[in-house]
Each structure stands twice: as C-alpha cells, then as structure tokens.
>>> print(open('upload.txt').read())   # compact mmCIF, C-alpha atoms
# COMPACT_ATOMS: atom_id res chain seq x y z
CA MET A 715 29.47 -7.18 162.51
CA ALA A 716 27.94 -10.60 162.64
CA SER A 717 28.39 -13.41 165.16
CA ARG A 718 30.85 -16.25 165.19
CA ASP A 719 29.40 -19.76 165.22
CA HIS A 720 28.12 -21.03 168.54
CA PRO A 721 29.70 -21.41 171.13
CA LEU A 722 32.27 -18.79 170.06
CA ASP A 723 29.44 -16.24 169.95
CA VAL A 724 29.15 -16.40 173.74
CA SER A 725 32.85 -16.40 174.63
CA ASP A 726 35.66 -13.88 174.65
CA GLY A 727 38.58 -15.74 173.17
CA ASP A 728 39.87 -17.77 170.26
CA TYR A 729 39.88 -14.77 167.95
CA ALA A 730 41.94 -16.83 165.52
CA THR A 731 38.37 -17.47 164.39
CA PRO A 732 37.48 -13.86 163.56
CA VAL A 733 34.12 -12.20 163.93
CA PRO A 734 32.68 -12.11 160.41
CA GLY A 735 31.74 -8.84 158.82
CA SER A 736 28.45 -8.28 157.03
CA MET A 737 28.28 -6.51 153.71
CA ASN A 738 25.55 -3.98 152.90
CA VAL A 739 24.39 -3.69 156.51
CA GLU A 740 23.89 -0.34 158.20
CA CYS A 741 26.06 0.03 161.29
CA GLY A 742 25.40 2.01 164.42
CA THR A 743 27.83 4.20 166.32
CA PRO A 744 31.35 2.72 166.36
CA LEU A 745 32.63 1.16 169.56
CA THR A 746 34.90 3.29 171.75
CA ARG A 747 37.89 1.47 173.20
CA LEU A 748 38.69 1.79 176.89
CA THR A 749 39.91 5.29 177.66
CA ASN A 750 40.24 7.65 180.61
CA ASP A 751 39.41 10.67 178.45
CA PRO A 752 36.06 11.96 179.80
CA ASP A 753 35.64 14.48 176.98
CA LEU A 754 35.98 11.77 174.35
CA LEU A 755 33.53 9.55 176.21
CA LYS A 756 30.95 12.34 176.55
CA ALA A 757 31.31 13.18 172.85
CA ARG A 758 30.87 9.53 171.87
CA ILE A 759 27.78 9.21 174.06
CA GLU A 760 26.29 12.24 172.29
CA GLU A 761 26.99 10.56 168.93
CA ILE A 762 25.15 7.34 169.74
CA THR A 763 22.41 6.55 167.27
CA THR A 764 20.03 3.64 167.24
CA PHE A 765 17.91 2.12 164.54
CA GLY A 766 16.19 -1.06 163.51
CA ASN A 767 15.98 -4.22 165.52
CA THR A 768 17.66 -5.60 168.62
CA TYR A 769 20.15 -8.44 169.10
CA ILE A 770 21.50 -7.96 172.63
CA PRO A 771 24.21 -10.67 172.51
CA ALA A 772 26.26 -8.88 169.83
CA GLY A 773 26.63 -5.67 171.82
CA LEU A 774 27.17 -7.51 175.08
CA LEU A 775 29.95 -9.62 173.59
CA TRP A 776 31.73 -6.53 172.24
CA GLY A 777 31.44 -4.87 175.65
CA TRP A 778 33.07 -7.91 177.22
CA ALA A 779 35.81 -8.00 174.57
CA THR A 780 36.81 -4.40 175.36
CA LEU A 781 37.48 -5.36 178.99
CA SER A 782 39.85 -8.23 178.25
CA ALA A 783 43.58 -7.86 177.76
CA GLY A 784 43.68 -9.92 174.59
CA GLU A 785 42.73 -9.33 171.00
CA PRO A 786 40.79 -7.91 169.35
CA PHE A 787 41.36 -5.13 171.92
CA SER A 788 44.34 -4.80 174.22
CA GLU A 789 43.51 -1.86 176.50
CA GLY A 790 42.07 -4.02 179.29
CA VAL A 791 44.20 -5.59 181.97
CA ALA A 792 44.47 -9.33 182.52
CA TYR A 793 41.99 -11.00 184.83
CA GLY A 794 43.34 -11.14 188.38
CA THR A 795 45.55 -8.06 187.94
CA LYS A 796 46.17 -6.02 191.07
CA VAL A 797 47.06 -2.33 191.23
CA ASN A 798 48.68 -1.27 194.51
CA GLY A 799 47.63 -4.64 195.93
CA ILE A 800 43.94 -4.09 195.07
CA PRO A 801 42.28 -6.38 192.51
CA VAL A 802 41.16 -4.59 189.36
CA LYS A 803 37.36 -4.54 189.10
CA LYS A 804 35.68 -4.80 185.72
CA ALA A 805 32.09 -3.75 185.01
CA ILE A 806 29.65 -3.65 182.10
CA VAL A 807 26.51 -1.52 181.86
CA LEU A 808 24.02 -3.19 179.53
CA MET A 809 21.00 -1.13 178.50
CA THR A 810 18.19 -2.07 176.16
CA ASP A 811 15.06 -0.30 175.03
CA GLY A 812 13.42 -3.48 173.86
CA ALA A 813 13.40 -7.21 173.53
CA ASN A 814 15.59 -9.28 171.26
CA THR A 815 13.86 -9.10 167.88
CA ARG A 816 16.64 -10.73 165.85
CA SER A 817 18.84 -13.78 166.18
CA ALA A 818 22.05 -15.01 164.64
CA ASN A 819 22.04 -16.57 161.21
CA TYR A 820 25.36 -18.40 161.25
CA ALA A 821 25.03 -19.51 157.62
CA THR A 822 24.88 -15.96 156.26
CA ALA A 823 26.92 -14.21 159.00
CA ARG A 824 24.06 -11.84 159.79
CA HIS A 825 21.54 -11.21 162.55
CA ASN A 826 18.53 -11.53 160.26
CA LEU A 827 16.59 -14.40 161.82
CA HIS A 828 13.79 -14.08 164.35
CA ASP A 829 14.47 -16.98 166.73
CA ILE A 830 13.81 -15.00 169.90
CA THR A 831 14.25 -18.06 172.12
CA GLN A 832 17.75 -18.54 170.70
CA ALA A 833 18.59 -14.85 171.12
CA ASN A 834 17.42 -14.88 174.75
CA GLU A 835 19.37 -18.08 175.45
CA ARG A 836 22.52 -16.53 173.96
CA THR A 837 21.98 -13.43 176.10
CA SER A 838 21.66 -15.58 179.23
CA GLN A 839 24.74 -17.65 178.32
CA LEU A 840 26.80 -14.51 177.76
CA CYS A 841 25.70 -13.02 181.07
CA ALA A 842 26.66 -16.20 182.91
CA ASN A 843 30.03 -16.42 181.13
CA ILE A 844 30.83 -12.77 181.87
CA LYS A 845 29.91 -13.10 185.54
CA GLU A 846 32.12 -16.22 185.77
CA LYS A 847 35.03 -13.89 184.96
CA ASP A 848 34.09 -11.77 188.01
CA ILE A 849 32.87 -8.89 185.85
CA LYS A 850 30.05 -6.93 187.44
CA ILE A 851 27.03 -6.43 185.18
CA TYR A 852 24.58 -3.59 185.62
CA THR A 853 21.48 -3.79 183.45
CA VAL A 854 18.96 -1.13 182.50
CA ALA A 855 15.61 -1.77 180.83
CA PHE A 856 14.56 1.59 179.40
CA ASP A 857 10.90 2.08 178.51
CA VAL A 858 10.45 -1.70 178.23
CA SER A 859 6.96 -3.10 178.74
CA ASP A 860 7.76 -6.75 177.95
CA THR A 861 8.08 -8.54 181.30
CA SER A 862 10.11 -11.39 179.78
CA ILE A 863 12.89 -9.02 178.68
CA LYS A 864 12.80 -7.31 182.07
CA ASP A 865 13.24 -10.74 183.66
CA LEU A 866 16.10 -11.50 181.26
CA MET A 867 17.83 -8.24 182.16
CA ARG A 868 17.22 -8.76 185.89
CA ASP A 869 18.73 -12.26 185.66
CA CYS A 870 21.69 -10.91 183.67
CA ALA A 871 22.59 -8.34 186.33
CA SER A 872 25.11 -9.35 188.96
CA SER A 873 22.40 -8.88 191.60
CA THR A 874 18.82 -7.65 191.70
CA ALA A 875 20.19 -4.33 193.04
CA ASP A 876 22.19 -4.00 189.81
CA PHE A 877 19.04 -4.11 187.63
CA PHE A 878 17.23 -0.87 186.83
CA ASP A 879 13.76 -0.62 185.30
CA ALA A 880 13.59 2.93 183.94
CA GLU A 881 10.19 3.77 182.54
CA ASN A 882 11.01 7.35 181.52
CA ASN A 883 13.92 9.76 181.04
CA ASP A 884 14.01 10.85 184.69
CA GLU A 885 14.21 7.24 185.89
CA LEU A 886 16.90 6.54 183.28
CA GLN A 887 18.96 9.47 184.57
CA THR A 888 18.52 8.23 188.14
CA ALA A 889 19.58 4.71 187.14
CA PHE A 890 22.80 5.97 185.55
CA GLU A 891 23.48 8.26 188.53
CA ASN A 892 23.13 5.26 190.85
CA ILE A 893 25.39 3.13 188.67
CA GLY A 894 27.90 5.97 188.45
CA ALA A 895 27.93 6.35 192.22
CA THR A 896 28.83 2.69 192.67
CA LEU A 897 31.47 2.89 189.95
CA SER A 898 33.03 6.18 191.11
CA PRO A 899 35.79 4.51 193.13
CA ILE A 900 36.74 2.46 190.04
CA ARG A 901 39.48 3.84 187.81
CA ILE A 902 40.75 2.67 184.45
CA ALA A 903 43.99 0.83 185.17
CA ARG A 904 45.53 1.29 181.74
>>> encode(input="upload.txt", output="structure tokens")
Amino acid sequence: MASRDHPLDVSDGDYATPVPGSMNVECGTPLTRLTNDPDLLKARIEEITTFGNTYIPAGLLWGWATLSAGEPFSEGVAYGTKVNGIPVKKAIVLMTDGANTRSANYATARHNLHDITQANERTSQLCANIKEKDIKIYTVAFDVSDTSIKDLMRDCASSTADFFDAENNDELQTAFENIGATLSPIRIAR
C-alpha cells in the first residue's frame, strides 16, 4: 500500500479518500486484524518477513487503523468505550530495526523517495496524533545504532519508560516481556 496525500497520511479517518494501492511492489506479511485467538497471533508472528527499506509511518498508520471502530477495519471499539465501567485501553507496539530510508511520493502513490526529514516528521506527527487519542505507544529500537532514530522512537513512546533500546535478541525478548507484563491486564473488548 501507498500513502494518502498529506495530511490524510497522518490521520485515521476520512477513508472516503482510500489508501492507494501500488502495482508491481513486493508486499510484506499481511496485516492481522484484531483478534483474541492466541494461536492465530503466534502463527502470524512466525510468518512475519521483512525486506528492503523502511518507511515507519505506513506501518504505524495501519496499526492505528486496526484499533479504531471505523473503516477500513471495524473490530476496534469506539474511543471512550467502557466495559464494566472501566475505560477501554488501546495500545500500539512499534518496533523498527532501522531508520526511515524511504519517504512518501504522493504523485506516484509509492514510498520510493528518500526525503528522510519528511519521513521522520510524518512519524512524529503520527505519534502525536495517536497519543492525542489516548492510545499508549510502546516503541522498540532493535539493533539500531543511529541515535537520531533512537531519539525519534523515544519521543514517539508514551513515556521514556515505554521506549526500549534492544541491542541484541536477549534484550529484544526482555523488552517484549516487559511490554507484555504491562499489557497483561488488557483484554480485547470485541
């Protein structure tokens, strides 16, 4: 998928303007909609493949879209929903293994430009917009040496305690265990 024109590329809404598709572009592992099926989730995690370059905003926007109650997905509950009198909490875990190396090319509906400043600005805008919706963001920088992307990820997290700098597989496992421990009281409401 490509990105909608700015500012739609940093907002979850107005899907009457659809996200454009890109022809002849290799796609990664398909997105998994919200589910409470742990076996499906574990299987999908095992299927994840990565390749090529990085454009963090695209993945982050799709993560946000899965949490909302509106199209293009409808499994999420509306903002402000309460279950048994308790407000529903929403959370995103954003992990990267590198810096933004691509940026949006709105004219061709692809992520084939290299305006890293733009890509980092879009990432920051998305993080701010998501946090405005009271969605908690955990970020993980895995095997990242670039201090500017670590700073970007730290700033994106809901707090400095929600940022994890994992330099190896053991630290990555620990980061996800810590995130899981804070999320364990959270249940999927739908």
>>> atom_distance(input="upload.txt", atom1="CA of Lys850 (chain A)", atom2="CA of Asn883 (chain A)")
24.1 Å
>>> residues_near_point(input="upload.txt", point="(21.6, -14.3, 166.4)", cutoff="8 Å", atoms="only C-alpha atoms", output="list in words")
Ser717, Tyr769, Pro771, Ala772, Arg816, Ser817, Ala818, Asn819, Tyr820, Arg824, His825, Asn826, Leu827, Asp829, Gln832, Ala833 and Arg836 of chain A
>>> closest_residue(input="upload.txt", among="A:Thr810, A:Gln887, A:Thr896, A:Asn882", to="Lys864 (chain A)", atoms="all atoms listed in the file")
A:Thr810
>>> residues_near_point(input="upload.txt", point="(44.8, -8.6, 178.3)", cutoff="12 Å", atoms="only C-alpha atoms", output="ChimeraX atom specification")
/A:726-727,778-795,903-904
>>> atom_distance(input="upload.txt", atom1="CA of Thr861 (chain A)", atom2="CA of Ser838 (chain A)")
15.4 Å
>>> closest_residue(input="upload.txt", among="A:Leu755, A:Ile893, A:Leu866, A:Ala716", to="Leu775 (chain A)", atoms="all atoms listed in the file")
A:Ala716
>>> closest_residue(input="upload.txt", among="A:Ile759, A:Ala813, A:Ala805, A:Val797", to="Asn834 (chain A)", atoms="all atoms listed in the file")
A:Ala813
>>> atom_distance(input="upload.txt", atom1="CA of Thr731 (chain A)", atom2="CA of Asp719 (chain A)")
9.3 Å
